[in-house]
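Structure below is coords_24.txt: compact mmCIF, C-alpha atoms and all ligand atoms.
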# COMPACT_ATOMS: atom_id res chain seq x y z
CA MET J 789 -4.23 9.18 -49.64
CA ASN J 790 -6.35 6.10 -49.31
CA GLN J 791 -7.66 6.37 -45.74
CA LYS J 792 -8.20 2.62 -45.32
CA ARG J 793 -4.53 1.94 -45.80
CA ILE J 794 -3.27 4.36 -43.18
CA GLU J 795 -1.73 2.86 -40.05
CA TRP J 796 -3.40 5.26 -37.63
CA PRO J 797 -1.64 4.54 -34.29
CA VAL J 798 1.84 4.97 -35.83
CA ALA J 799 0.79 7.89 -38.05
CA LEU J 800 -0.85 9.76 -35.15
CA PHE J 801 2.18 9.33 -32.91
CA LEU J 802 4.53 10.51 -35.68
CA ILE J 803 2.42 13.64 -36.15
CA ILE J 804 1.23 14.42 -32.63
CA ASN J 805 4.48 13.91 -30.68
CA PRO J 806 6.57 16.37 -32.78
CA LEU J 807 3.63 18.82 -32.87
CA ILE J 808 3.19 18.87 -29.08
CA THR J 809 6.99 19.02 -28.69
CA LEU J 810 7.22 21.93 -31.10
CA ILE J 811 4.70 23.87 -28.99
CA LEU J 812 5.85 22.83 -25.52
CA THR J 813 9.66 23.11 -25.96
CA PRO J 814 9.81 26.89 -26.62
CA LEU J 815 7.12 27.46 -23.97
CA TYR J 816 9.14 25.42 -21.49
CA PHE J 817 12.39 27.32 -22.21
CA TYR J 818 10.50 30.62 -22.05
CA LYS J 819 9.04 29.82 -18.63
CA PHE J 820 11.94 27.99 -16.98
CA GLY J 821 15.01 29.10 -18.96
CA PHE J 822 17.83 26.74 -19.96
CA GLU J 823 18.31 24.32 -17.09
CA LEU J 824 21.74 22.81 -17.68
CA ASP J 825 21.21 19.57 -15.75
CA ILE J 826 18.01 18.74 -17.67
CA LEU J 827 19.72 19.55 -20.99
CA VAL J 828 22.75 17.40 -20.18
CA PHE J 829 20.50 14.53 -19.10
CA ALA J 830 18.36 14.84 -22.26
CA LEU J 831 21.47 14.90 -24.46
CA ALA J 832 23.00 11.84 -22.77
CA PHE J 833 19.68 10.00 -22.98
CA ALA J 834 19.38 10.94 -26.67
CA ALA J 835 22.86 9.55 -27.39
CA ALA J 836 22.04 6.36 -25.46
CA THR J 837 18.75 6.05 -27.40
CA ASN J 838 20.40 6.38 -30.80
CA LEU J 839 23.25 4.06 -29.88
CA SER J 840 20.79 1.43 -28.62
CA ILE J 841 19.22 1.54 -32.06
CA THR J 842 22.48 1.53 -34.05
CA ALA J 843 24.62 -0.82 -31.91
CA GLY J 844 21.66 -2.84 -30.59
CA TYR J 845 18.67 -2.99 -32.96
CA HIS J 846 20.82 -2.61 -36.07
CA ARG J 847 24.28 -4.15 -35.75
CA LEU J 848 23.46 -6.72 -33.04
CA PHE J 849 19.87 -7.91 -33.55
CA SER J 850 19.41 -7.30 -37.30
CA HIS J 851 22.89 -8.27 -38.49
CA LYS J 852 24.45 -10.37 -35.70
CA SER J 853 27.76 -8.63 -36.38
CA TYR J 854 28.92 -9.50 -32.83
CA ASP J 855 27.78 -11.46 -29.77
CA ALA J 856 26.53 -9.52 -26.74
CA HIS J 857 26.35 -10.32 -23.04
CA PRO J 858 22.76 -10.51 -21.68
CA VAL J 859 23.39 -7.29 -19.70
CA ALA J 860 24.23 -5.37 -22.90
CA LYS J 861 21.22 -6.92 -24.65
CA ALA J 862 18.89 -5.91 -21.79
CA ILE J 863 20.17 -2.31 -21.91
CA PHE J 864 19.71 -2.13 -25.70
CA LEU J 865 16.19 -3.57 -25.45
CA LEU J 866 15.10 -1.25 -22.63
CA ILE J 867 16.57 1.99 -23.99
CA GLY J 868 15.73 0.88 -27.56
CA ALA J 869 12.05 0.67 -26.54
CA SER J 870 12.25 4.32 -25.42
CA ALA J 871 12.98 5.36 -29.04
CA PHE J 872 9.42 4.59 -30.24
CA GLN J 873 10.71 2.77 -33.32
CA GLY J 874 8.93 -0.53 -32.68
CA SER J 875 10.20 -3.68 -31.02
CA ALA J 876 13.68 -4.99 -31.84
CA LEU J 877 12.04 -8.03 -33.44
CA LYS J 878 9.83 -6.02 -35.81
CA TRP J 879 12.55 -3.45 -36.54
CA SER J 880 15.10 -6.15 -37.40
CA SER J 881 12.66 -8.14 -39.52
CA ASP J 882 11.85 -5.01 -41.58
CA HIS J 883 15.52 -4.11 -41.81
CA ARG J 884 16.54 -7.57 -43.04
CA ARG J 885 13.86 -7.24 -45.71
CA HIS J 886 15.39 -3.88 -46.70
CA HIS J 887 18.79 -5.54 -47.17
CA ALA J 888 17.44 -8.57 -49.02
CA HIS J 889 15.30 -6.54 -51.45
CA ILE J 890 17.18 -3.22 -51.55
CA ASP J 891 15.71 -0.71 -54.03
CA GLY J 892 13.00 -3.20 -55.03
CA GLU J 893 9.24 -3.54 -54.55
CA LYS J 894 9.67 -5.66 -51.42
CA ASP J 895 12.02 -3.15 -49.75
CA PRO J 896 9.79 -1.48 -47.09
CA TYR J 897 11.71 1.79 -47.32
CA ASN J 898 12.52 1.65 -51.02
CA ILE J 899 14.32 4.88 -52.01
CA ASN J 900 12.98 4.57 -55.57
CA LYS J 901 9.57 5.52 -54.17
CA GLY J 902 11.03 8.88 -53.22
CA PHE J 903 12.99 10.50 -50.42
CA TRP J 904 9.92 11.10 -48.25
CA HIS J 905 8.72 7.50 -48.53
CA ALA J 906 12.15 6.12 -47.50
CA HIS J 907 12.50 8.70 -44.74
CA MET J 908 9.21 8.26 -42.87
CA GLY J 909 6.42 8.09 -45.42
CA TRP J 910 6.49 4.29 -45.35
CA LEU J 911 5.53 4.39 -41.66
CA PHE J 912 2.10 5.85 -42.45
CA TYR J 913 0.76 2.91 -44.46
CA LYS J 914 -0.48 -0.50 -43.40
CA ASP J 915 1.17 -2.35 -46.32
CA THR J 916 4.65 -1.15 -45.37
CA VAL J 917 4.23 -1.05 -41.57
CA ASN J 918 2.41 -4.34 -41.07
CA LEU J 919 4.79 -6.65 -42.93
CA LYS J 920 4.97 -10.12 -41.45
CA ILE J 921 7.77 -10.77 -38.98
CA GLN J 922 10.45 -13.02 -40.48
CA ALA J 923 13.31 -13.52 -38.03
CA PRO J 924 13.22 -17.09 -36.67
CA ASP J 925 16.53 -16.70 -34.80
CA LEU J 926 15.30 -13.62 -32.92
CA GLU J 927 11.90 -15.18 -32.21
CA LYS J 928 13.75 -17.88 -30.26
CA ASP J 929 15.51 -15.28 -28.08
CA TRP J 930 13.44 -14.88 -24.89
CA MET J 931 14.72 -11.36 -24.16
CA VAL J 932 13.81 -10.12 -27.64
CA GLN J 933 10.48 -11.94 -27.40
CA PHE J 934 9.73 -10.35 -23.99
CA GLN J 935 10.43 -6.83 -25.31
CA HIS J 936 8.21 -7.55 -28.33
CA ARG J 937 5.28 -8.80 -26.18
CA PHE J 938 5.38 -5.89 -23.75
CA TYR J 939 6.57 -3.31 -26.26
CA VAL J 940 3.83 -0.67 -25.78
CA PRO J 941 3.96 -0.44 -21.94
CA LEU J 942 7.78 -0.65 -22.09
CA ALA J 943 7.98 2.15 -24.69
CA ILE J 944 5.71 4.43 -22.62
CA LEU J 945 7.55 3.61 -19.38
CA MET J 946 11.06 4.04 -20.81
CA GLY J 947 10.21 6.81 -23.32
CA PHE J 948 8.14 9.08 -21.09
CA GLY J 949 7.91 7.58 -17.55
CA VAL J 950 11.61 7.24 -16.76
CA PRO J 951 12.64 10.70 -18.11
CA THR J 952 9.78 12.31 -16.15
CA LEU J 953 10.92 10.50 -12.99
CA ILE J 954 14.58 11.50 -13.46
CA GLY J 955 13.45 15.06 -14.26
CA TRP J 956 11.43 15.06 -11.02
CA MET J 957 14.54 13.93 -9.12
CA MET J 958 16.37 16.88 -10.70
CA GLY J 959 13.55 19.20 -9.64
CA SER J 960 11.79 19.45 -13.01
CA PRO J 961 9.41 16.62 -13.98
CA LEU J 962 8.04 18.74 -16.86
CA GLY J 963 11.57 19.28 -18.19
CA GLY J 964 12.12 15.52 -18.07
CA LEU J 965 8.84 14.83 -19.89
CA VAL J 966 9.15 17.50 -22.59
CA ILE J 967 12.91 17.68 -23.28
CA ALA J 968 14.21 14.18 -22.37
CA GLY J 969 10.86 12.61 -23.37
CA GLY J 970 9.04 14.11 -26.38
CA LEU J 971 11.82 16.21 -27.91
CA ARG J 972 14.41 13.42 -27.54
CA ILE J 973 12.06 10.91 -29.21
CA ALA J 974 11.25 13.26 -32.11
CA LEU J 975 14.94 14.03 -32.77
CA THR J 976 16.33 10.51 -32.38
CA GLN J 977 13.61 9.20 -34.71
CA GLN J 978 14.82 11.65 -37.37
CA SER J 979 18.40 10.42 -36.92
CA THR J 980 17.28 6.84 -37.68
CA PHE J 981 15.03 7.96 -40.55
CA PHE J 982 18.04 9.66 -42.19
CA VAL J 983 19.69 6.23 -42.53
CA ASN J 984 16.93 5.12 -44.88
CA SER J 985 16.65 8.39 -46.81
CA LEU J 986 19.94 10.40 -46.79
CA CYS J 987 22.18 7.29 -46.69
CA HIS J 988 20.55 6.19 -49.94
CA THR J 989 20.86 9.65 -51.53
CA LEU J 990 23.99 11.49 -50.44
CA GLY J 991 27.60 10.36 -50.85
CA LYS J 992 29.76 7.96 -52.83
CA GLN J 993 29.02 4.42 -54.00
CA THR J 994 32.45 3.14 -53.03
CA TYR J 995 31.96 -0.62 -52.98
CA SER J 996 28.99 -1.24 -55.21
CA LYS J 997 27.46 0.96 -57.87
CA GLU J 998 24.50 -1.37 -58.27
CA ILE J 999 22.80 -0.34 -55.04
CA SER J 1000 21.52 3.07 -53.96
CA ALA J 1001 23.33 3.02 -50.57
CA ARG J 1002 26.05 5.66 -50.23
CA ASP J 1003 29.04 6.56 -48.07
CA SER J 1004 29.15 10.04 -46.55
CA TRP J 1005 31.01 11.36 -43.50
CA PHE J 1006 28.47 14.13 -43.14
CA VAL J 1007 25.55 11.71 -42.92
CA ALA J 1008 27.67 9.56 -40.57
CA ILE J 1009 27.72 12.50 -38.13
CA LEU J 1010 23.91 12.74 -38.23
CA THR J 1011 23.45 8.99 -37.76
CA HIS J 1012 26.09 7.90 -35.22
CA GLY J 1013 28.26 6.27 -37.88
CA GLU J 1014 25.63 4.67 -40.11
CA GLY J 1015 26.51 7.06 -42.96
CA TYR J 1016 29.07 4.66 -44.46
CA HIS J 1017 26.06 2.88 -45.84
CA ASN J 1018 27.41 1.59 -49.16
CA PHE J 1019 30.05 -0.33 -47.24
CA HIS J 1020 27.37 -1.55 -44.84
CA HIS J 1021 25.10 -2.87 -47.60
CA LYS J 1022 28.04 -4.59 -49.28
CA PHE J 1023 29.39 -6.12 -46.04
CA GLN J 1024 26.48 -6.21 -43.58
CA ILE J 1025 28.16 -8.76 -41.30
CA ASP J 1026 30.98 -6.32 -40.40
CA TYR J 1027 30.42 -4.68 -36.98
CA ARG J 1028 31.95 -1.47 -38.36
CA ASN J 1029 30.45 0.90 -40.90
CA GLY J 1030 33.37 3.32 -40.98
CA ILE J 1031 36.36 1.04 -41.47
CA MET J 1032 39.21 3.54 -41.00
CA TRP J 1033 40.12 4.64 -37.48
CA TYR J 1034 39.31 8.24 -38.36
CA HIS J 1035 35.87 7.46 -39.83
CA TRP J 1036 33.17 8.94 -37.59
CA ASP J 1037 31.52 5.78 -36.28
CA PRO J 1038 30.61 6.10 -32.56
CA THR J 1039 28.58 2.89 -32.85
CA LYS J 1040 31.77 0.98 -33.68
CA TRP J 1041 33.51 2.66 -30.71
CA VAL J 1042 30.65 1.66 -28.40
CA ILE J 1043 30.92 -1.97 -29.56
CA ASN J 1044 34.70 -1.86 -29.00
CA SER J 1045 34.16 -0.42 -25.51
CA LEU J 1046 31.63 -3.17 -24.74
CA LYS J 1047 34.25 -5.70 -25.82
CA PHE J 1048 36.77 -4.06 -23.48
CA LEU J 1049 34.23 -4.37 -20.63
CA GLY J 1050 33.60 -8.03 -21.45
CA LEU J 1051 30.04 -7.29 -22.65
CA ALA J 1052 30.64 -8.05 -26.35
CA SER J 1053 32.60 -10.74 -28.16
CA LYS J 1054 33.23 -12.25 -31.60
CA LEU J 1055 33.24 -8.88 -33.40
CA ARG J 1056 32.94 -9.83 -37.07
CA GLN J 1057 35.19 -8.07 -39.55
CA ILE J 1058 35.74 -8.42 -43.30
CA SER J 1059 39.41 -8.69 -44.33
CA HIS J 1060 41.24 -5.75 -45.92
CA ILE J 1061 41.80 -7.73 -49.09
CA GLU J 1062 38.07 -8.48 -49.56
CA ILE J 1063 37.19 -4.82 -49.00
CA LEU J 1064 39.84 -3.61 -51.44
CA LYS J 1065 38.74 -6.18 -54.04
CA ALA J 1066 35.14 -4.87 -53.89
CA ARG J 1067 36.31 -1.26 -54.21
CA LEU J 1068 38.56 -1.97 -57.19
CA GLN J 1069 35.79 -3.99 -58.84
CA ALA J 1070 33.27 -1.16 -58.44
CA GLU J 1071 35.75 1.44 -59.69
CA SER J 1072 36.86 -0.60 -62.69
CA LEU J 1073 33.24 -0.79 -63.85
CA GLU J 1074 33.23 3.01 -63.90
CA MET J 1075 36.58 3.13 -65.71
CA LYS J 1076 35.37 0.58 -68.26
CA LYS J 1077 32.44 2.86 -69.03
CA LYS J 1078 34.93 5.64 -69.72
CA GLY J 1079 36.65 3.44 -72.32
CA PHE J 1080 39.54 1.83 -70.45
CA ALA J 1081 40.44 -1.64 -71.74
CA ASP J 1082 39.31 -4.52 -69.53
CA GLU J 1083 42.60 -6.49 -69.78
CA LYS J 1084 44.61 -3.48 -68.71
CA LEU J 1085 42.32 -2.89 -65.71
CA ILE J 1086 42.42 -6.55 -64.68
CA ALA J 1087 46.24 -6.56 -64.86
CA MET J 1088 46.47 -3.38 -62.77
CA ARG J 1089 43.99 -4.71 -60.25
CA GLU J 1090 45.93 -7.95 -59.88
CA LYS J 1091 49.16 -6.02 -59.34
CA ILE J 1092 47.57 -3.93 -56.56
CA LEU J 1093 46.05 -6.97 -54.84
CA GLU J 1094 49.36 -8.83 -55.06
CA ALA J 1095 51.19 -5.89 -53.47
CA GLN J 1096 48.50 -5.70 -50.77
CA ASN J 1097 48.97 -9.40 -50.05
CA ARG J 1098 52.74 -9.00 -49.88
CA MET J 1099 52.33 -6.00 -47.59
CA LYS J 1100 50.05 -8.00 -45.29
CA LYS J 1101 52.51 -10.91 -45.18
CA LEU J 1102 55.46 -8.62 -44.47
CA ARG J 1103 53.54 -6.80 -41.75
CA GLU J 1104 52.74 -10.14 -40.10
CA ASP J 1105 56.38 -11.27 -40.41
CA TYR J 1106 57.57 -8.00 -38.93
CA GLU J 1107 55.19 -8.30 -35.95
CA GLN J 1108 56.21 -11.93 -35.39
CA PHE J 1109 59.91 -11.03 -35.56
CA LYS J 1110 59.34 -8.24 -33.05
CA ILE J 1111 57.80 -10.77 -30.62
CA ASP J 1112 60.62 -13.29 -31.23
CA ALA J 1113 63.30 -10.62 -30.79
CA ALA J 1114 61.77 -9.44 -27.52
CA LYS J 1115 61.68 -13.03 -26.28
CA LYS J 1116 65.30 -13.64 -27.31
CA ARG J 1117 66.37 -10.36 -25.70
CA GLU J 1118 64.64 -11.40 -22.47
CA GLU J 1119 66.30 -14.83 -22.52
CA LEU J 1120 69.73 -13.29 -23.11
CA ARG J 1121 69.18 -10.71 -20.38
CA GLU J 1122 68.27 -13.49 -17.94
CA ALA J 1123 71.41 -15.50 -18.90
CA TYR J 1124 73.68 -12.46 -18.49
CA ASP J 1125 72.07 -11.49 -15.19
CA HIS J 1126 72.65 -15.02 -13.98
CA LYS J 1127 76.30 -14.96 -15.05
CA LEU J 1128 76.82 -11.58 -13.38
CA LEU J 1129 75.32 -12.89 -10.14
CA GLU J 1130 77.56 -15.94 -10.28
CA LEU J 1131 80.70 -13.81 -10.82
CA ARG J 1132 79.72 -11.46 -8.00
CA ARG J 1133 79.22 -14.43 -5.68
CA GLU J 1134 82.66 -15.88 -6.62
CA LEU J 1135 84.25 -12.50 -6.05
CA GLU J 1136 82.67 -12.28 -2.57
CA ILE J 1137 84.01 -15.75 -1.73
CA ALA J 1138 87.49 -14.81 -2.97
CA LYS J 1139 87.31 -11.61 -0.89
CA LEU J 1140 86.35 -13.63 2.20
CA GLU J 1141 89.14 -16.15 1.59
CA PHE J 1142 91.62 -13.31 1.19
CA ASN J 1143 90.52 -11.64 4.42
CA MET J 1144 90.61 -14.91 6.34
CA GLY J 1145 94.08 -15.70 4.92
CA MET J 1146 95.32 -12.25 5.91
CA LYS J 1147 93.90 -12.65 9.44
CA GLN J 1148 95.60 -16.02 9.81
CA TRP J 1149 98.79 -14.48 8.50
CA GLN J 1150 98.63 -11.71 11.14
CA VAL J 1151 98.08 -14.30 13.91
CA TYR J 1152 101.14 -16.22 12.72
CA LEU J 1153 103.14 -13.04 12.43
CA ARG J 1154 102.36 -12.02 16.01
CA THR J 1155 103.14 -15.44 17.48
CA VAL J 1156 106.50 -15.76 15.77
ZN ZN G 1 21.71 -2.81 -42.04
ZN ZN G 2 19.95 0.86 -46.35
In structure tokens, what does this structure look like?
Amino acid sequence: MNQKRIEWPVALFLIINPLITLILTPLYFYKFGFELDILVFALAFAAATNLSITAGYHRLFSHKSYDAHPVAKAIFLLIGASAFQGSALKWSSDHRRHHAHIDGEKDPYNINKGFWHAHMGWLFYKDTVNLKIQAPDLEKDWMVQFQHRFYVPLAILMGFGVPTLIGWMMGSPLGGLVIAGGLRIALTQQSTFFVNSLCHTLGKQTYSKEISARDSWFVAILTHGEGYHNFHHKFQIDYRNGIMWYHWDPTKWVINSLKFLGLASKLRQISHIEILKARLQAESLEMKKKGFADEKLIAMREKILEAQNRMKKLREDYEQFKIDAAKKREELREAYDHKLLELRRELEIAKLEFNMGMKQWQVYLRTV
């Protein structure tokens, strides 16, 4: 290791925090036992930390896959700072570089330099940590800029100060500091690091065989949905990583919930047909290698895409017809109700006329 090239502040934090945590966590549990409220708080804070990175730093700031309300942005920036993964501006700039130069020399966490380098090794060296910030759109955003300028005090306050304070309110400041502070940071950092290492190692290359990114449900569980990484590298503008409803992607669910609350809008989504096209293209390359004739594959692919198009059209027609039918049914119901009312009214009048006639008749009968 060339000592001059080591980025000491980052390297020391990445070594010292887990080390202290590793010593203090068992000691803490030994002395105070398992305090449920502290554990629940630490777990909730850990989930919020990871989701601020995945839904905020990653899908919002790095990729602009949806628009967020300033309240949502402020929450992502504050809790994101508590993750000790750098400012949103620096994180996004590095991440955009990773996408633009994937698997190449300029990729800061290039998997071809080994699993360890992509995981966290890159964070120890000046040449990979101190890359110039290149994100003009984010530099113009005053909230992002504010978090970047005051990143260190914000990270300490949100990462250690706030959990200690909440722990103190729960009767255990040390529990807050060690479990919801140090341990949470060490574990959530690993979850993010897995995206750059495991997501480029484990799983299937569903949409593009040319890049190292892979899709894996198992890795998705470890990374709050970022495990469908081949899809993500192919379609980075999509706010989802797991496109099927059953794909484990809590980040996508958080973004949907924010939309429901009015805190997110313009969720960007690639069409089914584009996604299917990419998959068929990637798979036909594999089949071609196995000796299948190109013309045959093209013809089959076209047939599938045509059927998909027809299916889409029919589904739309069906939905439209359902709306039209409901409208027609409502109109008819209103007309019939109106007619019924009219008939009832006429009947009442006839009844009245009959009664009056009968009364008059009786009067005549008595006077005769
Ligand atoms: Zn990305
Ligand atoms: Zn990647």
ask   = So how many Å separate atom CA of Phe903 of chain J and atom CA of Ser985 of chain J, to one decimal?
value =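 These atoms are spaced 5.6 Å apart.
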ask   = How many Å separate atom CA of Ser1053 of chain J from atom CA of Ser840 of chain J?
value = 17.0 Å
key: Selection: 9 Å around segment 933-938 of chain J, only C-alpha atoms, excl. self and same-chain fewer than 2 positions, as a ChimeraX atom specification   = /J:865-866,869,874-878,926-931,940-943
Sorted by chain and rising residue number, list the residues of chain J at most 9 Å from ligand ZN 1 (chain G) (counting only C-alpha atoms and all ligand atoms), each with its closest atom pair and distance in Å to one decimal, as JSON lines.
{"residue": "J:His846", "atom": "CA", "partner": "G:ZN1", "partner_atom": "ZN", "distance": 6.0}
{"residue": "J:Arg847", "atom": "CA", "partner": "G:ZN1", "partner_atom": "ZN", "distance": 6.9}
{"residue": "J:Ser850", "atom": "CA", "partner": "G:ZN1", "partner_atom": "ZN", "distance": 6.9}
{"residue": "J:His851", "atom": "CA", "partner": "G:ZN1", "partner_atom": "ZN", "distance": 6.6}
{"residue": "J:Ser880", "atom": "CA", "partner": "G:ZN1", "partner_atom": "ZN", "distance": 8.7}
{"residue": "J:His883", "atom": "CA", "partner": "G:ZN1", "partner_atom": "ZN", "distance": 6.3}
{"residue": "J:Arg884", "atom": "CA", "partner": "G:ZN1", "partner_atom": "ZN", "distance": 7.1}
{"residue": "J:His886", "atom": "CA", "partner": "G:ZN1", "partner_atom": "ZN", "distance": 7.9}
{"residue": "J:His887", "atom": "CA", "partner": "G:ZN1", "partner_atom": "ZN", "distance": 6.5}
{"residue": "J:Glu1014", "atom": "CA", "partner": "G:ZN1", "partner_atom": "ZN", "distance": 8.7}
{"residue": "J:His1017", "atom": "CA", "partner": "G:ZN1", "partner_atom": "ZN", "distance": 8.1}
{"residue": "J:His1020", "atom": "CA", "partner": "G:ZN1", "partner_atom": "ZN", "distance": 6.4}
{"residue": "J:His1021", "atom": "CA", "partner": "G:ZN1", "partner_atom": "ZN", "distance": 6.5}
{"residue": "J:Gln1024", "atom": "CA", "partner": "G:ZN1", "partner_atom": "ZN", "distance": 6.1}
{"residue": "J:Ile1025", "atom": "CA", "partner": "G:ZN1", "partner_atom": "ZN", "distance": 8.8}
request  = Pick out the residues no farther than 12 Å from ligand ZN 2 (chain G), counting only C-alpha atoms and all ligand atoms, and list them as an NGL selection string.
outcome  = :J and (846 or 882-892 or 895-899 or 906-907 or 980-989 or 999-1003 or 1014-1024 or 1029)
message = Report as a list in words all protein, DNA and RNA residues lying within 7 Å of segment 827-833 of chain J, evaluated on all atoms listed in the file, omitting residues in the same chain fewer than 6 positions from it.
response =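 With the cut-off at 7 Å, the set is Ile967, Ala968 and Arg972 of chain J.
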task = Enter the distance from atom CA of Ala1008 of chain J to atom CA of Asp1037 of chain J, in Å, rounded to one decimal.
result =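 Separation between atom CA of Ala1008 of chain J and atom CA of Asp1037 of chain J: 6.9 Å.
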task = Give the answer as one residue: which of J:Trp1149, J:Leu839, J:Gln1069, J:Leu802 has the shortest atom-to-atom distance to Lys1040 of chain J, using all atoms listed in the file?
result =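 Closest candidate: J:Leu839.
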Residue among J:Tyr995, J:Tyr1106, J:Met1088, J:Glu1083 lying closest to Ile1063 of chain J, counting all atoms listed in the file =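 Closest to Ile1063 of chain J of all the choices is J:Tyr995.
Here the question is which of J:Ile811, J:Phe817, J:Ile1086, J:Thr1039 gets nearest to Tyr845 of chain J using all atoms listed in the file, and that residue is J:Thr1039.
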message = Neighbouring residues of Gly970 of chain J were defined as those with any atom within 9 Å, considering all atoms listed in the file; residues of the same chain fewer than 4 positions away were excluded. Please report them as a list in words.
response = Asn805, Pro806, Ile808, Thr809, Gly947, Phe948, Gly964, Leu965, Val966, Ala974 and Leu975 of chain J
task = Find the residue from J:Phe1080, J:Arg1133, J:Ser996, J:Pro951 that sits nearest to Ala1066 of chain J; use all atoms listed in the file when measuring.
result = J:Ser996
Among listed residues J:Ala1138, J:Leu1055, J:Met1146, J:Ile1009, nearest Asp1026 of chain J (using all atoms listed in the file) =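 Under the stated criterion, the closest residue is J:Leu1055.
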inquiry  = List the spatial neighbours of Ala860 of chain J as a list in words - criterion: any atom at most 12 Å away, all atoms listed in the file, same-chain residues fewer than 3 positions off excluded.
reply    = Leu839, Ser840, Ala843, Gly844, Tyr845, Leu848, Phe849, Tyr854, Asp855, Ala856, His857, Ile863, Phe864, Leu865, Leu866, Ile867, Gly868, Met931, Val1042, Ile1043, Ser1045, Leu1046, Lys1047, Leu1049, Gly1050, Leu1051, Ala1052 and Ser1053 of chain J
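Shortest atom-to-atom contact with Leu1085 of chain J among J:Met1099, J:Leu971, J:Leu1135, J:Ala1070: J:Ala1070, counting only C-alpha atoms.
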Once you add 4 Å to each side, what are the centre and edge lengths of the axis-aligned box holding all listed atoms of segment 1003-1020 of chain J? One decimal in Å, as lines of an AutoDock Vina configuration file, if you can.
center_x = 27.2
center_y = 6.3
center_z = -42.2
size_x = 15.6
size_y = 23.7
size_z = 21.9
